[in-house]
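Since the structure comes first, as structure tokens, the remarks are kept for the end.
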Amino acid sequence: MSKSNLNILSYNVHLFEKSLASTIEPELVYQDENRLLSLFNCLSRLNFDIIGLTEVWSHKIQNEVKNFLKKYNMNSYAFQGEPDTKGSAGLVLGFKGKNYGGMGFEYYQNMVGPDSFSSKGVAYGILNIQGSRIFIVQTHTQASYTGTVEKDDTARKLQIEQTLFPILDKALENHPKVPIFLLGDLNIVAGTSQYKWFKNQLHLRGLNDAWVTANNGTDGITYDPENNKLVKHFDPTQKEQQRLDYIFSTEKGIYVDNMQVEEWKTQDGIDISDHYGVIGEFNIY
């Protein structure tokens with residue numbers, strides 16, 4: 001018998017307007033205001049308990065998102081840059097319910113390539129939603145770029161080992177009865193050797209890939225160069241369809257009811273982001 005039903009959205013929304021990155025590469029901004037308003041329109045039609053957004057890079061847009069979430073009775077945190085840098089973490093986490101003790105944030109070290117201008121990391125904390133306590137972890141890891149994939153993959157693995165895994169291990173040690181959700185753009189391509197390594201490491205910690213659990217092992221697509229117009233606009237070098245965005249959850253205490261990919265568009269048919277959103281429906285028991 002379930003204690004509560006949770007609807008969770010994990011979405012890389014590619015909003016660069018007013019960010020440090022956009023001053024260096026203005027071409028990263030494309031119809032951001034239109035896409036943000038369309039995102040708000042889509043969110044207003046659905047009832048989410050947790051919303052995890054990545055690539056909300058500027059403080060200004062982060063605050064706009066937080067103000068929007070407040071209208072729908074959602075508390076929120078925005079994770080910005082390190083004190084000695086201007087780059088943002090790009091994360092916004094919204095939730096209905098309470099947070100115990102604030103949200104923690106740990107920065108990834110030794111980012112490489114363009115990601116070295118950002119302050120990517122791991123946000124985490126305990127939430128109480130509909131009477132159920134959960135440990136939430138949100139992250140956006142090192143991206144891989146055309147021409148430097150091997151170097152980027154190596155950096156990502158090291159950062160995960162140094163930062164993400166210790167946070168999960170501490171949560172499991174200190175809160176053994178609290179279910180865990182991990183969500184975000186992991187930049188790990190499903191089906192690759194790095195995915196198999198990561199999935200195995202999480203399985204050893206009691207977490208499973210919710211998409212695989214709900215869809216009998218089939219891989220979905222969240223980054224779609226074949227059909228997504230923004231992928232073609234921002235990075236025409238990309239050719240392969242990939243699953244990069246995830247929700248992982250502990251097997252104990254959580255039942256995965258449904259997982260789906262949302263291909264949201266603006267009114268004039270432009271994709272809201274170069275990624276698709278991942279929506280999960282979960283029962284907490």
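By order of appearance in the structure tokens: chains A, B, ..., then residues from 1 within every chain, and ligands from 1 in the order shown.
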Please, which residues in stretch 100-152 of chain A fall within 12 Å of stretch 38-55 of chain A when counting only C-alpha atoms, and what is the closest atom pair and distance in Å to one decimal for each, ordered by chain then residue number, as a tab-separated table?
```
residue	atom	partner	partner_atom	distance
A:Asp115	CA	A:Glu55	CA	11.6
A:Ser118	CA	A:Glu55	CA	10.2
A:Ser119	CA	A:Glu55	CA	11.2
A:Lys120	CA	A:Glu55	CA	9.8
A:Gly121	CA	A:Thr54	CA	11.0
A:Val122	CA	A:Thr54	CA	11.3
A:Ala123	CA	A:Gly52	CA	10.4
A:Tyr124	CA	A:Gly52	CA	11.5
A:Leu127	CA	A:Ile50	CA	9.9
A:Asn128	CA	A:Asp49	CA	10.6
A:Ile129	CA	A:Asp49	CA	7.5
A:Gln130	CA	A:Asp49	CA	9.0
A:Ser132	CA	A:Asp49	CA	11.7
A:Ile134	CA	A:Ile50	CA	11.1
A:Phe135	CA	A:Ile50	CA	11.9
A:Ile136	CA	A:Ile50	CA	9.4
A:Val137	CA	A:Gly52	CA	9.6
A:Gln138	CA	A:Gly52	CA	6.9
A:Thr139	CA	A:Thr54	CA	7.8
A:His140	CA	A:Thr54	CA	6.6
A:Thr141	CA	A:Thr54	CA	10.1
A:Ala143	CA	A:Glu55	CA	11.7
```
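Each of A:Leu207, A:Ala78, A:Val261, A:Met111 was compared to A:Thr222 using only C-alpha atoms, and A:Val261 turns out to be the nearest.
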Record the distance separating atom CA of A:Gly131 and atom CA of A:Glu281, expressed in Å with one decimal. 16.7 Å
Where in stretch 20-212 of chain A does DSSP assign helix (DSSP H, G or I), given as a PyMOL selection string? chain A and resi 20-24+26-28+32-44+59-71+113-117+149-174+193-204+210-212
Run DSSP on the backbone and grab whatever in stretch 92-133 of chain A lands in strand (DSSP E); send it over as a PyMOL selection string. chain A and resi 92-95+98-107+121-129+132-133
Just write the chosen residues, N, CA and C atoms, as a PDB file, in the first residue's frame.
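So part.pdb came out as:
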```
ATOM      1  N   VAL A  92      18.042  24.380 -10.995  1.00  0.00           N
ATOM      2  CA  VAL A  92      16.903  24.855 -10.216  1.00  0.00           C
ATOM      3  C   VAL A  92      16.096  23.631  -9.804  1.00  0.00           C
ATOM      4  N   LEU A  93      15.799  23.535  -8.513  1.00  0.00           N
ATOM      5  CA  LEU A  93      15.019  22.419  -7.983  1.00  0.00           C
ATOM      6  C   LEU A  93      13.775  22.969  -7.313  1.00  0.00           C
ATOM      7  N   GLY A  94      12.599  22.562  -7.801  1.00  0.00           N
ATOM      8  CA  GLY A  94      11.338  22.959  -7.204  1.00  0.00           C
ATOM      9  C   GLY A  94      10.627  21.756  -6.619  1.00  0.00           C
ATOM     10  N   PHE A  95       9.885  21.982  -5.520  1.00  0.00           N
ATOM     11  CA  PHE A  95       9.204  20.852  -4.875  1.00  0.00           C
ATOM     12  C   PHE A  95       8.029  21.354  -4.044  1.00  0.00           C
ATOM     13  N   LYS A  98       8.204  20.213   2.268  1.00  0.00           N
ATOM     14  CA  LYS A  98       9.181  20.844   3.141  1.00  0.00           C
ATOM     15  C   LYS A  98      10.571  20.274   2.902  1.00  0.00           C
ATOM     16  N   ASN A  99      11.549  21.090   3.235  1.00  0.00           N
ATOM     17  CA  ASN A  99      12.949  20.669   3.178  1.00  0.00           C
ATOM     18  C   ASN A  99      13.518  20.705   4.592  1.00  0.00           C
ATOM     19  N   TYR A 100      14.220  19.632   4.962  1.00  0.00           N
ATOM     20  CA  TYR A 100      14.821  19.565   6.289  1.00  0.00           C
ATOM     21  C   TYR A 100      16.280  20.009   6.238  1.00  0.00           C
ATOM     22  N   GLY A 101      16.597  21.094   6.922  1.00  0.00           N
ATOM     23  CA  GLY A 101      17.991  21.477   7.092  1.00  0.00           C
ATOM     24  C   GLY A 101      18.649  22.133   5.903  1.00  0.00           C
ATOM     25  N   GLY A 102      17.862  22.586   4.934  1.00  0.00           N
ATOM     26  CA  GLY A 102      18.453  23.228   3.769  1.00  0.00           C
ATOM     27  C   GLY A 102      18.995  22.230   2.761  1.00  0.00           C
ATOM     28  N   MET A 103      19.407  22.750   1.633  1.00  0.00           N
ATOM     29  CA  MET A 103      19.984  21.925   0.578  1.00  0.00           C
ATOM     30  C   MET A 103      21.496  22.083   0.578  1.00  0.00           C
ATOM     31  N   GLY A 104      22.195  20.959   0.449  1.00  0.00           N
ATOM     32  CA  GLY A 104      23.636  21.009   0.303  1.00  0.00           C
ATOM     33  C   GLY A 104      24.027  21.077  -1.164  1.00  0.00           C
ATOM     34  N   PHE A 105      25.246  21.532  -1.416  1.00  0.00           N
ATOM     35  CA  PHE A 105      25.755  21.561  -2.785  1.00  0.00           C
ATOM     36  C   PHE A 105      27.258  21.350  -2.758  1.00  0.00           C
ATOM     37  N   GLU A 106      27.720  20.414  -3.586  1.00  0.00           N
ATOM     38  CA  GLU A 106      29.151  20.137  -3.716  1.00  0.00           C
ATOM     39  C   GLU A 106      29.551  20.352  -5.176  1.00  0.00           C
ATOM     40  N   TYR A 107      30.604  21.115  -5.400  1.00  0.00           N
ATOM     41  CA  TYR A 107      31.060  21.404  -6.753  1.00  0.00           C
ATOM     42  C   TYR A 107      31.927  20.270  -7.287  1.00  0.00           C
ATOM     43  N   GLY A 121      27.837  20.786 -10.364  1.00  0.00           N
ATOM     44  CA  GLY A 121      28.012  20.038  -9.137  1.00  0.00           C
ATOM     45  C   GLY A 121      26.792  19.218  -8.786  1.00  0.00           C
ATOM     46  N   VAL A 122      26.653  18.912  -7.493  1.00  0.00           N
ATOM     47  CA  VAL A 122      25.602  18.028  -6.994  1.00  0.00           C
ATOM     48  C   VAL A 122      24.831  18.737  -5.888  1.00  0.00           C
ATOM     49  N   ALA A 123      23.513  18.881  -6.068  1.00  0.00           N
ATOM     50  CA  ALA A 123      22.628  19.411  -5.033  1.00  0.00           C
ATOM     51  C   ALA A 123      21.937  18.244  -4.338  1.00  0.00           C
ATOM     52  N   TYR A 124      21.707  18.372  -3.038  1.00  0.00           N
ATOM     53  CA  TYR A 124      21.121  17.242  -2.310  1.00  0.00           C
ATOM     54  C   TYR A 124      20.475  17.717  -1.012  1.00  0.00           C
ATOM     55  N   GLY A 125      19.497  16.944  -0.540  1.00  0.00           N
ATOM     56  CA  GLY A 125      18.841  17.253   0.724  1.00  0.00           C
ATOM     57  C   GLY A 125      17.650  16.345   0.959  1.00  0.00           C
ATOM     58  N   ILE A 126      17.060  16.459   2.136  1.00  0.00           N
ATOM     59  CA  ILE A 126      15.893  15.653   2.504  1.00  0.00           C
ATOM     60  C   ILE A 126      14.632  16.493   2.347  1.00  0.00           C
ATOM     61  N   LEU A 127      13.655  15.938   1.648  1.00  0.00           N
ATOM     62  CA  LEU A 127      12.368  16.588   1.456  1.00  0.00           C
ATOM     63  C   LEU A 127      11.276  15.767   2.120  1.00  0.00           C
ATOM     64  N   ASN A 128      10.205  16.448   2.524  1.00  0.00           N
ATOM     65  CA  ASN A 128       8.989  15.783   2.983  1.00  0.00           C
ATOM     66  C   ASN A 128       7.875  16.193   2.037  1.00  0.00           C
ATOM     67  N   ILE A 129       7.417  15.244   1.239  1.00  0.00           N
ATOM     68  CA  ILE A 129       6.376  15.507   0.250  1.00  0.00           C
ATOM     69  C   ILE A 129       5.226  14.546   0.485  1.00  0.00           C
ATOM     70  N   SER A 132       5.799  11.831   2.979  1.00  0.00           N
ATOM     71  CA  SER A 132       6.894  10.882   2.747  1.00  0.00           C
ATOM     72  C   SER A 132       8.222  11.629   2.727  1.00  0.00           C
ATOM     73  N   ARG A 133       9.193  11.103   3.447  1.00  0.00           N
ATOM     74  CA  ARG A 133      10.534  11.675   3.423  1.00  0.00           C
ATOM     75  C   ARG A 133      11.334  11.020   2.306  1.00  0.00           C
TER      76      ARG A 133
END
```
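Taking atom CA of A:Ala171 and atom CA of A:Val212 as the two end points, the separation is 23.4 Å.
Excluding A:Ser22 itself and any same-chain residue fewer than 6 positions from it, the protein and nucleic acid residues within 10 Å of it, counting only C-alpha atoms, are Leu15, Phe16, Leu28, Val29, Trp57 and Ser58 of chain A.
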